[in-house]
Amino acid sequence: MSLRIEVTTRTPLWTGGVGGMTDRLHETGLLGSLRWWYEAIVRGLGGTACDPSTDGKCRYDSRDRRSPEEQLCNACYVFGATGWKRRFSLKVIEDQTQPVGKERTLNVRPPGRNRGWYLPPGRMGTFALEIHGEESALQMLASLFLFLERWGHLGAKPQLGYGIFQLNNRNKVCEWAKGKAWIAESKAPDARLPDLRRFGFFRYRLSSQRGDWWTQIPGLNDAKIKDQVQQLVHDHNVVPVVPALKNEWRFRRWSGESSDQLWMFGTLSWHANQGTVRVRSKIAVSWAYALNSHEWEIRGWVWLPKPNIAAQVWKLLADKEIWQSVIDREGKLESEPSGEWSERTPEQVIKGLLQGAT
Amino acid sequence: MEWEYALFLFRKMESDIQRLIQASEELKQAKGGDRKRYRQQIEKAARQACETDLRTAPTIAFLWLRACYPGLENYIREVWSPCLLAEDLHTLISAPQAPPDIPRSWRIALDFTLPKPYLSKDDTEFYLLDNPVRKEWVFKVPSVAPSQWKGALRAAMVQELKRWWQGLSEDERKRKVEEFAERRFRMTLLFGDEKGEEPGALKGLAKYLDELGEAAAAKLYREKVKAFFGTGTEAALTHHRGWLHFYPTYFENIGLEIINPHPRDTGAGKQPIHFECVPAEASGVFTLLYVPLKELGEDETQADFQAVAQGLKAMFTRYGFGAKTSSGFGRAEVQWEEAEVQPERLQEEWEAVWQDRAGEPNG
């Protein structure tokens with residue numbers, strides 16, 4: 001069976017490549033993000049999904065009398081493991097994406113920052129995915145893509161705003177997704193692994209008739225990069241607001257422990273048992289992208305695995321006053337959950353996030 | 001005179017390697033702007049070592065450093081990638097010529113281009129990367145071995161059989177048991193006996209196809225094989241070779257692909273994994289010869305041709321060949337209009353398959 005998914009990027013897409021540039025859309029990069037989100041969903045529903053990058057990952061042994069479903073976790077059964085092929089194949093076709101920003105890395109330095117944020121050029125445009133596989137896998141993928149279009153991202157570097165997209169054949173994908181029934185189980189969250197019960201989502205919409213509304217955002221009016229940003233706005237209707245927002249949250253408004261700040265916002269040198277490791281930010285916020293001629297949107301998510309700081313972080317991200325002070329435009333902020341932070345139940349994950357995406 | 005080429009190369013690049021080692025020692029103590037200078041010296045020394053012989057010197061330097069100065073070999077790997085990508089390798093063995101006319105035989109030779117890279121894994125233990133692409137043994141040219149083509153084509157044809165069978169309704173399957181058995185039987189003649197065909201201990205492909213077609217089709221299939229080879233009274237199916245002969249394909253370019261698994265707790269990749277590949281836009285020639293080992297009617301020969309043509313189309317465009325085919329690698333754009341099909345009377349059948357005018361292969 002086959003499923004076709006037609007995509008237009010809203011923010012640049014990053015799928016990696018040799019030489020540190022996204023020379024083309026790499027299926028491996030897309031598959032990695034699909035798997036990551038599917039694992040978060042499975043765990044959010046109280047199910048089991050291993051970390052496939054560690055020694056504790058699943059393996060399938062055909063000599064073992066147990067069935068594949070018994071030997072493999074939910075995610076490995078669909079996405080594959082040692083000895084077990086993925087239940088579907090995925091291929092990028094009709095790739096009309098192009099590199100953005102003249103293929104130059106954009107270095108945005110909000111006030112007070114020496115180094116700032118480096119935003120490498122991704123790719124934007126349209127493409128399609130041709131997916132062949134078992135019916136149940138395709139139904140799951142259709143449902144997953146609908147969820148990602150509304151709440152998540154595709155590809156890598158979500159913490160820098162990459163990977164927001166829209167589906168061009170949404171109706172067709174919805175038809176496939178109807179066949180997927182998500183089932184709640186009962187396993188408790190593991191603080192080390194992304195779990196949708198501990199994810200918050202936010203969306204900020206602003207209106208502006210003027211094409212230069214972004215020029216007052218900290219860091220973007222710098223003479224060194226203004227032309228580059230102007231090009232992005234003109235060619236792709238996107239504005240890299242991530243550095244300004246993160247700068248405000250992390251360096252101007254954060255009032256918690258510095259170790260928690262490093263852990264939440266990311267660091268190149270986190271001291272762990274196995275030595276010094278890099279830690280990615282657990283806050284992903286997109287570039288601003290145009291919905292139409294006068295409306296723009298910025299959205300993102302946060303993973304809050306530490307209950308002791310979850311409320312504090314959520315309060316920061318869901319503070320509309322901070323958004324307005326950075327973006328310098330009146331807007332509407334929606335958050336899920338709305339109001340104060342609360343962890344979801346598996347049933348709420350299904351009703352609020354998965355079914356709500358269709 | 002150095003009889004050992006590796007030793008010869010090492011002598012030539014030894015001074016560059018010593019400069020690399022020296023610079024890395026200095027780097028450990030350096031601060032500030034000096035660090036940049038020593039890194040540049042390391043990169044220069046590594047690059048000069050590799051340029052001694054772009055094809056072989058990097059591997060020798062890499063392995064020697066890994067053995068004697070663990071950790072420093074990564075400098076070789078860092079500069080080696082650009083050298084490799086800039087190099088064009090030459091095809092040293094040309095495509096096979098048409099064989100003399102053999103009754104009832106046919107031949108297909110086609111050009112194809114890779115829209116996506118092709119991955120495969122070489123057997124060699126001593127290489128710069130953990131995942132070198134498979135190469136011809138003597139001249140180290142990237143290649144697809146005949147055995148790889150055979151495996152990929154057989155797998156594609158089995159998958160097409162499965163797709164056809166599972167697309168039928170329950171009633172249709174009951175009516176088409178004989179057709180399933182015949183298609184399976186023709187594949188056995190084309191490729192040789194099925195792996196795992198041991199009486200009382202079925203496994204592998206034989207077990208898979210038995211389960212797919214179920215008992216009636218499996219029984220009928222075995223009767224056909226025994227009748228064809230005249231072994232009706234024996235319990236086991238006779239071992240036999242296939243009628244298809246595959247030829248290697250050689251490529252002129254080598255590229256690199258990279259993946260970077262991200263641990264779920266930190267979210268940041270630790271160790272990128274390099275895969276050597278044949279890059280997109282590379283082209284090759286695929287050649288296949290069919291020589292039946294028994295007297296056959298024209299209809300059967302044509303039926304086999306149609307089945308293989310459809311199998312080739314499925315293999316190149318749908319299922320792929322090589323590694324990571326489920327991630328988009330290993331597809332090909334076939335110049336089917338310019339394919340060489342001999343005898344020419346089969347050209348029309350070939351075109352019908354590629355233009356989707358042909359039906360399902362007949363049993």
# chains A, B, ... in the order shown; residues from 1 in each chain; ligands from 1
$ residues_around --residues "segment 112-124 of chain B" --least-positions-apart "4" --cutoff "10 Å" --atoms "only C-alpha atoms" --output "VMD selection string"
(chain A and resid 24 26 91 to 93) or (chain B and resid 130 to 137 142 to 144 148 254 to 257 275 to 286 316 320 to 325 328 to 336 339)
$ residues_around --residues "Lys282 of chain A" --least-positions-apart "3" --cutoff "10 Å" --atoms "only C-alpha atoms" --output "ChimeraX atom specification"
/A:158-159,194,199,263-266,279,285,301-305 /B:266-267
$ write_last_selection --atoms "N, CA and C atoms" --output "compact mmCIF listing (two decimals), in the first residue's frame"
# COMPACT_ATOMS: atom_id res chain seq x y z
N PRO A 158 14.93 21.79 15.75
CA PRO A 158 13.68 22.48 16.09
C PRO A 158 13.93 23.59 17.09
N GLN A 159 15.00 23.45 17.89
CA GLN A 159 15.28 24.46 18.91
C GLN A 159 15.70 25.77 18.27
N PRO A 194 11.73 11.78 26.19
CA PRO A 194 10.62 12.67 25.81
C PRO A 194 9.28 11.95 25.89
N PHE A 199 4.80 17.64 27.62
CA PHE A 199 5.09 18.65 26.61
C PHE A 199 4.07 19.78 26.71
N TRP A 263 20.41 23.28 31.55
CA TRP A 263 19.76 22.02 31.17
C TRP A 263 18.54 22.28 30.29
N MET A 264 17.79 23.33 30.60
CA MET A 264 16.58 23.63 29.82
C MET A 264 16.91 24.25 28.46
N PHE A 265 17.84 25.19 28.45
CA PHE A 265 18.11 25.94 27.22
C PHE A 265 19.26 25.38 26.40
N GLY A 266 19.97 24.41 26.94
CA GLY A 266 21.02 23.76 26.18
C GLY A 266 22.39 24.29 26.52
N VAL A 279 24.07 19.18 25.43
CA VAL A 279 22.65 19.01 25.72
C VAL A 279 21.86 19.98 24.85
N VAL A 285 11.21 26.87 19.41
CA VAL A 285 10.31 27.95 18.96
C VAL A 285 10.65 28.27 17.51
N TRP A 301 7.24 24.39 21.17
CA TRP A 301 6.90 23.43 22.22
C TRP A 301 8.02 23.39 23.24
N VAL A 302 7.72 22.82 24.38
CA VAL A 302 8.72 22.66 25.43
C VAL A 302 8.50 21.30 26.07
N TRP A 303 9.61 20.65 26.37
CA TRP A 303 9.56 19.39 27.09
C TRP A 303 9.94 19.69 28.54
N LEU A 304 9.08 19.32 29.46
CA LEU A 304 9.27 19.66 30.88
C LEU A 304 9.35 18.40 31.73
N PRO A 305 10.49 17.69 31.68
CA PRO A 305 10.55 16.44 32.43
C PRO A 305 10.83 16.60 33.92
N THR B 266 19.81 13.62 25.98
CA THR B 266 20.49 14.90 25.77
C THR B 266 19.97 15.61 24.53
N GLY B 267 19.48 14.84 23.55
CA GLY B 267 18.98 15.46 22.32
C GLY B 267 20.06 15.95 21.37
$ residues_around --residues "Leu128 of chain B" --least-positions-apart "2" --cutoff "7 Å" --atoms "only C-alpha atoms" --output "VMD selection string"
chain B and resid 59 62 77 130
$ write_last_selection --atoms "all heavy atoms" --output "CSV table (one decimal), in the first residue's frame"
chain,number,residue,atom,x,y,z
B,59,THR,N,44.2,5.8,4.2
B,59,THR,CA,43.9,4.6,5.0
B,59,THR,C,45.1,4.2,5.8
B,59,THR,O,45.0,3.9,7.0
B,59,THR,CB,43.4,3.5,4.1
B,59,THR,OG1,42.3,3.9,3.4
B,59,THR,CG2,43.1,2.2,5.0
B,62,PHE,N,45.7,6.7,8.6
B,62,PHE,CA,44.7,6.6,9.6
B,62,PHE,C,45.0,5.4,10.5
B,62,PHE,O,44.9,5.5,11.7
B,62,PHE,CB,43.3,6.4,8.9
B,62,PHE,CG,42.1,6.2,9.8
B,62,PHE,CD1,41.5,7.3,10.3
B,62,PHE,CD2,41.7,4.9,10.2
B,62,PHE,CE1,40.4,7.1,11.2
B,62,PHE,CE2,40.7,4.7,11.0
B,62,PHE,CZ,40.0,5.8,11.5
B,77,ARG,N,40.8,11.7,9.1
B,77,ARG,CA,39.5,11.6,8.6
B,77,ARG,C,38.8,12.9,8.3
B,77,ARG,O,38.1,13.1,7.3
B,77,ARG,CB,38.6,10.8,9.6
B,77,ARG,CG,37.3,10.4,9.1
B,77,ARG,CD,36.5,9.7,10.2
B,77,ARG,NE,36.8,8.3,10.3
B,77,ARG,CZ,36.3,7.5,11.3
B,77,ARG,NH1,35.5,8.0,12.2
B,77,ARG,NH2,36.6,6.2,11.3
B,130,ASP,N,34.0,3.1,9.0
B,130,ASP,CA,33.4,1.9,9.4
B,130,ASP,C,32.5,1.3,8.3
B,130,ASP,O,32.1,0.1,8.3
B,130,ASP,CB,32.6,2.1,10.6
B,130,ASP,CG,33.5,2.3,11.8
B,130,ASP,OD1,34.7,1.9,11.8
B,130,ASP,OD2,33.1,3.0,12.8
$ residues_around --residues "Pro58 of chain B" --least-positions-apart "4" --cutoff "7 Å" --atoms "only C-alpha atoms" --output "list in words"
Cys50, Leu54, Phe62, Ile76 and Trp80 of chain B
$ interface_residues --of "chain A" --to "chain B" --cutoff "10 Å" --atoms "only C-alpha atoms" --output "VMD selection string"
chain A and resid 1 15 to 20 24 26 to 33 36 39 to 40 50 to 54 85 to 93 130 to 133 156 to 157 191 to 194 263 266 to 268 270 277 to 282
$ residues_around --residues "segment 167-181 of chain A" --least-positions-apart "4" --cutoff "10 Å" --atoms "only C-alpha atoms" --output "PyMOL selection string"
chain A and resi 3-9+126-128+135-146+148-150+350+354-355+357-358
$ select_by_dssp --residues "segment 6-234 of chain B" --states "alpha helix (DSSP H)" --output "number ranges by chain"
B: 6-29, 33-50, 57-68, 73-86, 146-166, 170-175, 177-191, 204-229
$ select_by_dssp --residues "segment 47-191 of chain A" --states "strand (DSSP E)" --output "JSON, numbers by chain"
{"A": [88, 89, 90, 91, 92, 93, 98, 99, 106, 107, 108, 117, 118, 119, 123, 124, 126, 127, 128, 129, 130, 131, 132, 133, 165, 166, 167]}
$ write_last_selection --atoms "N, CA, C and O atoms" --output "tab-separated table (two decimals), in the first residue's frame"
chain	number	residue	atom	x	y	z
A	88	PHE	N	7.81	0.34	6.84
A	88	PHE	CA	7.47	1.15	5.68
A	88	PHE	C	8.76	1.68	5.06
A	88	PHE	O	9.81	1.69	5.70
A	89	SER	N	8.66	2.09	3.80
A	89	SER	CA	9.79	2.77	3.17
A	89	SER	C	9.35	4.18	2.81
A	89	SER	O	8.18	4.41	2.50
A	90	LEU	N	10.26	5.10	2.87
A	90	LEU	CA	9.94	6.51	2.66
A	90	LEU	C	10.94	7.10	1.67
A	90	LEU	O	12.14	6.86	1.78
A	91	LYS	N	10.41	7.84	0.73
A	91	LYS	CA	11.27	8.42	-0.30
A	91	LYS	C	10.81	9.86	-0.57
A	91	LYS	O	9.60	10.10	-0.66
A	92	VAL	N	11.74	10.76	-0.69
A	92	VAL	CA	11.40	12.14	-1.06
A	92	VAL	C	11.31	12.20	-2.59
A	92	VAL	O	12.23	11.75	-3.28
A	93	ILE	N	10.23	12.71	-3.09
A	93	ILE	CA	10.06	12.87	-4.54
A	93	ILE	C	9.62	14.30	-4.83
A	93	ILE	O	9.18	15.02	-3.93
A	98	GLN	N	14.74	24.65	-2.14
A	98	GLN	CA	15.97	25.34	-2.48
A	98	GLN	C	16.65	25.81	-1.20
A	98	GLN	O	15.96	26.06	-0.20
A	99	PRO	N	17.96	25.98	-1.23
A	99	PRO	CA	18.63	26.53	-0.05
A	99	PRO	C	18.14	27.96	0.19
A	99	PRO	O	17.79	28.68	-0.76
A	106	LEU	N	23.45	32.59	9.23
A	106	LEU	CA	23.02	33.88	9.78
A	106	LEU	C	23.39	33.91	11.25
A	106	LEU	O	22.99	33.05	12.02
A	107	ASN	N	24.16	34.90	11.64
A	107	ASN	CA	24.58	35.03	13.04
A	107	ASN	C	23.80	36.18	13.67
A	107	ASN	O	24.07	37.35	13.40
A	108	VAL	N	22.83	35.84	14.50
A	108	VAL	CA	21.98	36.84	15.13
A	108	VAL	C	22.46	37.05	16.56
A	108	VAL	O	22.52	36.11	17.35
A	117	TRP	N	23.40	33.57	18.16
A	117	TRP	CA	22.90	32.32	17.62
A	117	TRP	C	23.29	32.20	16.15
A	117	TRP	O	23.21	33.17	15.40
A	118	TYR	N	23.73	31.01	15.77
A	118	TYR	CA	24.10	30.76	14.39
A	118	TYR	C	22.99	29.94	13.73
A	118	TYR	O	22.68	28.83	14.16
A	119	LEU	N	22.40	30.51	12.69
A	119	LEU	CA	21.31	29.84	12.00
A	119	LEU	C	21.80	29.43	10.61
A	119	LEU	O	21.86	30.27	9.70
A	123	ARG	N	16.49	24.49	3.90
A	123	ARG	CA	15.86	24.46	2.57
A	123	ARG	C	14.38	24.76	2.73
A	123	ARG	O	13.75	24.34	3.70
A	124	MET	N	13.85	25.47	1.74
A	124	MET	CA	12.41	25.76	1.76
A	124	MET	C	11.82	25.51	0.40
A	124	MET	O	12.51	25.64	-0.63
A	126	THR	N	8.57	23.12	-1.77
A	126	THR	CA	7.61	22.02	-1.70
A	126	THR	C	8.30	20.70	-2.04
A	126	THR	O	9.29	20.68	-2.77
A	127	PHE	N	7.76	19.66	-1.50
A	127	PHE	CA	8.22	18.33	-1.84
A	127	PHE	C	7.12	17.35	-1.49
A	127	PHE	O	6.12	17.71	-0.86
A	128	ALA	N	7.30	16.12	-1.91
A	128	ALA	CA	6.33	15.08	-1.57
A	128	ALA	C	7.08	13.89	-1.00
A	128	ALA	O	8.26	13.69	-1.25
A	129	LEU	N	6.36	13.14	-0.20
A	129	LEU	CA	6.90	11.91	0.35
A	129	LEU	C	6.09	10.74	-0.19
A	129	LEU	O	4.85	10.77	-0.13
A	130	GLU	N	6.79	9.76	-0.71
A	130	GLU	CA	6.13	8.54	-1.17
A	130	GLU	C	6.44	7.46	-0.15
A	130	GLU	O	7.61	7.13	0.09
A	131	ILE	N	5.41	6.96	0.48
A	131	ILE	CA	5.59	6.00	1.57
A	131	ILE	C	4.88	4.71	1.20
A	131	ILE	O	3.69	4.72	0.87
A	132	HIS	N	5.62	3.62	1.22
A	132	HIS	CA	5.04	2.30	0.96
A	132	HIS	C	5.15	1.47	2.23
A	132	HIS	O	6.16	1.55	2.94
A	133	GLY	N	4.16	0.65	2.49
A	133	GLY	CA	4.27	-0.19	3.67
A	133	GLY	C	2.97	-0.83	4.06
A	133	GLY	O	1.99	-0.84	3.30
A	165	PHE	N	5.85	23.01	8.87
A	165	PHE	CA	5.40	22.73	7.51
A	165	PHE	C	3.88	22.72	7.47
A	165	PHE	O	3.21	22.73	8.50
A	166	GLN	N	3.37	22.68	6.25
A	166	GLN	CA	1.93	22.47	6.09
A	166	GLN	C	1.71	21.37	5.06
A	166	GLN	O	2.55	21.13	4.17
A	167	LEU	N	0.59	20.67	5.24
A	167	LEU	CA	0.24	19.59	4.31
A	167	LEU	C	-0.62	20.16	3.20
A	167	LEU	O	-1.58	20.89	3.45
$ residues_around --residues "Tyr69 of chain B" --least-positions-apart "2" --cutoff "12 Å" --atoms "only C-alpha atoms" --output "mmCIF file with N, CA and C atoms, in the first residue's frame"
data_model
loop_
_atom_site.group_PDB
_atom_site.id
_atom_site.type_symbol
_atom_site.label_atom_id
_atom_site.label_comp_id
_atom_site.auth_asym_id
_atom_site.auth_seq_id
_atom_site.Cartn_x
_atom_site.Cartn_y
_atom_site.Cartn_z
ATOM 1 N N ILE B 17 53.432 13.006 8.745
ATOM 2 C CA ILE B 17 52.787 12.439 9.934
ATOM 3 C C ILE B 17 53.507 12.900 11.190
ATOM 4 N N GLN B 18 54.834 12.956 11.121
ATOM 5 C CA GLN B 18 55.578 13.423 12.296
ATOM 6 C C GLN B 18 55.262 14.884 12.588
ATOM 7 N N LEU B 20 52.425 16.272 11.978
ATOM 8 C CA LEU B 20 51.079 16.241 12.559
ATOM 9 C C LEU B 20 51.155 15.915 14.051
ATOM 10 N N ILE B 21 51.966 14.916 14.372
ATOM 11 C CA ILE B 21 52.089 14.498 15.776
ATOM 12 C C ILE B 21 52.672 15.634 16.604
ATOM 13 N N GLN B 22 53.706 16.262 16.051
ATOM 14 C CA GLN B 22 54.368 17.354 16.766
ATOM 15 C C GLN B 22 53.383 18.505 17.013
ATOM 16 N N SER B 24 50.178 18.387 17.158
ATOM 17 C CA SER B 24 49.121 18.034 18.112
ATOM 18 C C SER B 24 49.637 18.104 19.539
ATOM 19 N N GLU B 25 50.917 17.781 19.729
ATOM 20 C CA GLU B 25 51.513 17.913 21.059
ATOM 21 C C GLU B 25 51.557 19.376 21.472
ATOM 22 N N ALA B 61 47.682 6.062 6.725
ATOM 23 C CA ALA B 61 47.955 7.058 7.770
ATOM 24 C C ALA B 61 46.972 6.898 8.927
ATOM 25 N N PHE B 62 45.708 6.710 8.572
ATOM 26 C CA PHE B 62 44.662 6.571 9.587
ATOM 27 C C PHE B 62 44.952 5.377 10.492
ATOM 28 N N LEU B 63 45.237 4.223 9.889
ATOM 29 C CA LEU B 63 45.436 3.006 10.675
ATOM 30 C C LEU B 63 46.704 3.094 11.521
ATOM 31 N N TRP B 64 47.757 3.677 10.955
ATOM 32 C CA TRP B 64 49.017 3.786 11.711
ATOM 33 C C TRP B 64 48.830 4.688 12.932
ATOM 34 N N LEU B 65 48.174 5.812 12.730
ATOM 35 C CA LEU B 65 47.953 6.730 13.855
ATOM 36 C C LEU B 65 47.038 6.095 14.899
ATOM 37 N N ARG B 66 46.036 5.383 14.434
ATOM 38 C CA ARG B 66 45.125 4.767 15.394
ATOM 39 C C ARG B 66 45.859 3.738 16.249
ATOM 40 N N ALA B 67 46.829 3.052 15.626
ATOM 41 C CA ALA B 67 47.585 2.042 16.370
ATOM 42 C C ALA B 67 48.605 2.674 17.313
ATOM 43 N N GLY B 71 43.533 8.551 18.729
ATOM 44 C CA GLY B 71 42.901 9.862 18.811
ATOM 45 C C GLY B 71 43.332 10.773 17.679
ATOM 46 N N LEU B 72 44.588 10.666 17.268
ATOM 47 C CA LEU B 72 45.085 11.564 16.221
ATOM 48 C C LEU B 72 44.579 11.155 14.829
ATOM 49 N N GLU B 73 44.115 9.909 14.703
ATOM 50 C CA GLU B 73 43.661 9.460 13.377
ATOM 51 C C GLU B 73 42.450 10.263 12.898
ATOM 52 N N ASN B 74 41.733 10.879 13.832
ATOM 53 C CA ASN B 74 40.548 11.659 13.425
ATOM 54 C C ASN B 74 40.923 12.854 12.569
ATOM 55 N N TYR B 75 42.155 13.358 12.740
ATOM 56 C CA TYR B 75 42.586 14.476 11.897
ATOM 57 C C TYR B 75 42.668 14.044 10.435
#
$ atom_distance --atom1 "atom CA of Gln261 of chain A" --atom2 "atom CA of Trp37 of chain A"
23.9 Å
$ residues_around --residues "His236 of chain A" --least-positions-apart "3" --cutoff "12 Å" --atoms "only C-alpha atoms" --output "list in words"
Thr8, Thr9, Arg10, Thr11, Pro12, Thr97, Gln98, Pro99, Val100, Gly101, Gly122, Arg123, Met124, Gly125, Gln228, Val229, Gln230, Gln231, Leu232, Val233, Val239, Pro240, Trp287, Ala288, Tyr289, Ala290 and Leu291 of chain A
$ write_last_selection --atoms "N, CA, C and O atoms" --output "mmCIF file, in the first residue's frame"
data_model
loop_
_atom_site.group_PDB
_atom_site.id
_atom_site.type_symbol
_atom_site.label_atom_id
_atom_site.label_comp_id
_atom_site.auth_asym_id
_atom_site.auth_seq_id
_atom_site.Cartn_x
_atom_site.Cartn_y
_atom_site.Cartn_z
ATOM 1 N N THR A 8 4.558 21.654 2.043
ATOM 2 C CA THR A 8 5.203 22.948 1.793
ATOM 3 C C THR A 8 5.823 23.389 3.107
ATOM 4 O O THR A 8 5.155 23.366 4.149
ATOM 5 N N THR A 9 7.063 23.801 3.062
ATOM 6 C CA THR A 9 7.728 24.236 4.291
ATOM 7 C C THR A 9 7.230 25.623 4.667
ATOM 8 O O THR A 9 6.995 26.475 3.806
ATOM 9 N N ARG A 10 7.081 25.847 5.972
ATOM 10 C CA ARG A 10 6.756 27.200 6.450
ATOM 11 C C ARG A 10 8.003 27.873 7.007
ATOM 12 O O ARG A 10 8.157 29.085 6.955
ATOM 13 N N THR A 11 8.862 27.080 7.615
ATOM 14 C CA THR A 11 10.169 27.595 8.038
ATOM 15 C C THR A 11 11.213 26.682 7.405
ATOM 16 O O THR A 11 10.866 25.586 6.920
ATOM 17 N N PRO A 12 12.475 27.082 7.380
ATOM 18 C CA PRO A 12 13.475 26.230 6.737
ATOM 19 C C PRO A 12 13.519 24.835 7.346
ATOM 20 O O PRO A 12 13.277 24.647 8.540
ATOM 21 N N THR A 97 12.531 22.011 -3.190
ATOM 22 C CA THR A 97 13.110 22.900 -2.173
ATOM 23 C C THR A 97 14.424 23.474 -2.667
ATOM 24 O O THR A 97 15.121 22.876 -3.488
ATOM 25 N N GLN A 98 14.740 24.651 -2.137
ATOM 26 C CA GLN A 98 15.973 25.344 -2.480
ATOM 27 C C GLN A 98 16.646 25.812 -1.199
ATOM 28 O O GLN A 98 15.965 26.056 -0.198
ATOM 29 N N PRO A 99 17.957 25.985 -1.234
ATOM 30 C CA PRO A 99 18.626 26.532 -0.045
ATOM 31 C C PRO A 99 18.137 27.962 0.186
ATOM 32 O O PRO A 99 17.794 28.678 -0.761
ATOM 33 N N VAL A 100 18.096 28.386 1.440
ATOM 34 C CA VAL A 100 17.656 29.745 1.744
ATOM 35 C C VAL A 100 18.857 30.590 2.136
ATOM 36 O O VAL A 100 19.909 30.081 2.485
ATOM 37 N N GLY A 101 18.652 31.882 2.099
ATOM 38 C CA GLY A 101 19.636 32.803 2.638
ATOM 39 C C GLY A 101 20.973 32.793 1.960
ATOM 40 O O GLY A 101 22.000 32.965 2.626
ATOM 41 N N GLY A 122 18.817 26.440 5.757
ATOM 42 C CA GLY A 122 18.110 25.182 5.505
ATOM 43 C C GLY A 122 17.573 25.210 4.089
ATOM 44 O O GLY A 122 18.118 25.895 3.213
ATOM 45 N N ARG A 123 16.492 24.486 3.896
ATOM 46 C CA ARG A 123 15.865 24.462 2.569
ATOM 47 C C ARG A 123 14.380 24.759 2.725
ATOM 48 O O ARG A 123 13.749 24.340 3.703
ATOM 49 N N MET A 124 13.846 25.472 1.742
ATOM 50 C CA MET A 124 12.408 25.765 1.757
ATOM 51 C C MET A 124 11.823 25.508 0.396
ATOM 52 O O MET A 124 12.505 25.639 -0.626
ATOM 53 N N GLY A 125 10.548 25.177 0.379
ATOM 54 C CA GLY A 125 9.856 24.931 -0.878
ATOM 55 C C GLY A 125 8.869 23.798 -0.694
ATOM 56 O O GLY A 125 8.371 23.563 0.408
ATOM 57 N N GLN A 228 20.486 40.312 5.001
ATOM 58 C CA GLN A 228 20.226 38.875 4.945
ATOM 59 C C GLN A 228 18.814 38.580 5.429
ATOM 60 O O GLN A 228 18.084 37.785 4.837
ATOM 61 N N VAL A 229 18.437 39.220 6.535
ATOM 62 C CA VAL A 229 17.101 39.000 7.079
ATOM 63 C C VAL A 229 16.043 39.533 6.112
ATOM 64 O O VAL A 229 15.018 38.888 5.862
ATOM 65 N N GLN A 230 16.322 40.689 5.541
ATOM 66 C CA GLN A 230 15.379 41.281 4.582
ATOM 67 C C GLN A 230 15.146 40.312 3.415
ATOM 68 O O GLN A 230 14.027 40.155 2.935
ATOM 69 N N GLN A 231 16.222 39.674 2.986
ATOM 70 C CA GLN A 231 16.116 38.708 1.886
ATOM 71 C C GLN A 231 15.216 37.544 2.276
ATOM 72 O O GLN A 231 14.394 37.070 1.495
ATOM 73 N N LEU A 232 15.370 37.074 3.507
ATOM 74 C CA LEU A 232 14.544 35.960 3.980
ATOM 75 C C LEU A 232 13.068 36.360 4.016
ATOM 76 O O LEU A 232 12.189 35.585 3.622
ATOM 77 N N VAL A 233 12.809 37.563 4.477
ATOM 78 C CA VAL A 233 11.424 38.030 4.553
ATOM 79 C C VAL A 233 10.840 38.157 3.151
ATOM 80 O O VAL A 233 9.726 37.712 2.872
ATOM 81 N N VAL A 239 10.786 35.156 9.401
ATOM 82 C CA VAL A 239 11.616 36.057 10.200
ATOM 83 C C VAL A 239 12.241 35.245 11.328
ATOM 84 O O VAL A 239 11.517 34.605 12.096
ATOM 85 N N PRO A 240 13.570 35.251 11.459
ATOM 86 C CA PRO A 240 14.224 34.455 12.503
ATOM 87 C C PRO A 240 14.152 35.127 13.867
ATOM 88 O O PRO A 240 15.093 35.786 14.308
ATOM 89 N N TRP A 287 10.634 30.105 13.648
ATOM 90 C CA TRP A 287 10.730 31.432 13.030
ATOM 91 C C TRP A 287 9.295 31.925 12.833
ATOM 92 O O TRP A 287 8.364 31.131 12.738
ATOM 93 N N ALA A 288 9.134 33.212 12.733
ATOM 94 C CA ALA A 288 7.811 33.745 12.376
ATOM 95 C C ALA A 288 7.580 33.457 10.900
ATOM 96 O O ALA A 288 8.485 33.640 10.073
ATOM 97 N N TYR A 289 6.408 32.975 10.576
ATOM 98 C CA TYR A 289 6.088 32.703 9.170
ATOM 99 C C TYR A 289 4.741 33.332 8.844
ATOM 100 O O TYR A 289 3.855 33.434 9.702
ATOM 101 N N ALA A 290 4.583 33.747 7.617
ATOM 102 C CA ALA A 290 3.363 34.451 7.205
ATOM 103 C C ALA A 290 2.252 33.448 6.951
ATOM 104 O O ALA A 290 2.434 32.461 6.241
ATOM 105 N N LEU A 291 1.103 33.728 7.553
ATOM 106 C CA LEU A 291 -0.084 32.921 7.266
ATOM 107 C C LEU A 291 -0.803 33.457 6.030
ATOM 108 O O LEU A 291 -1.371 32.705 5.249
#
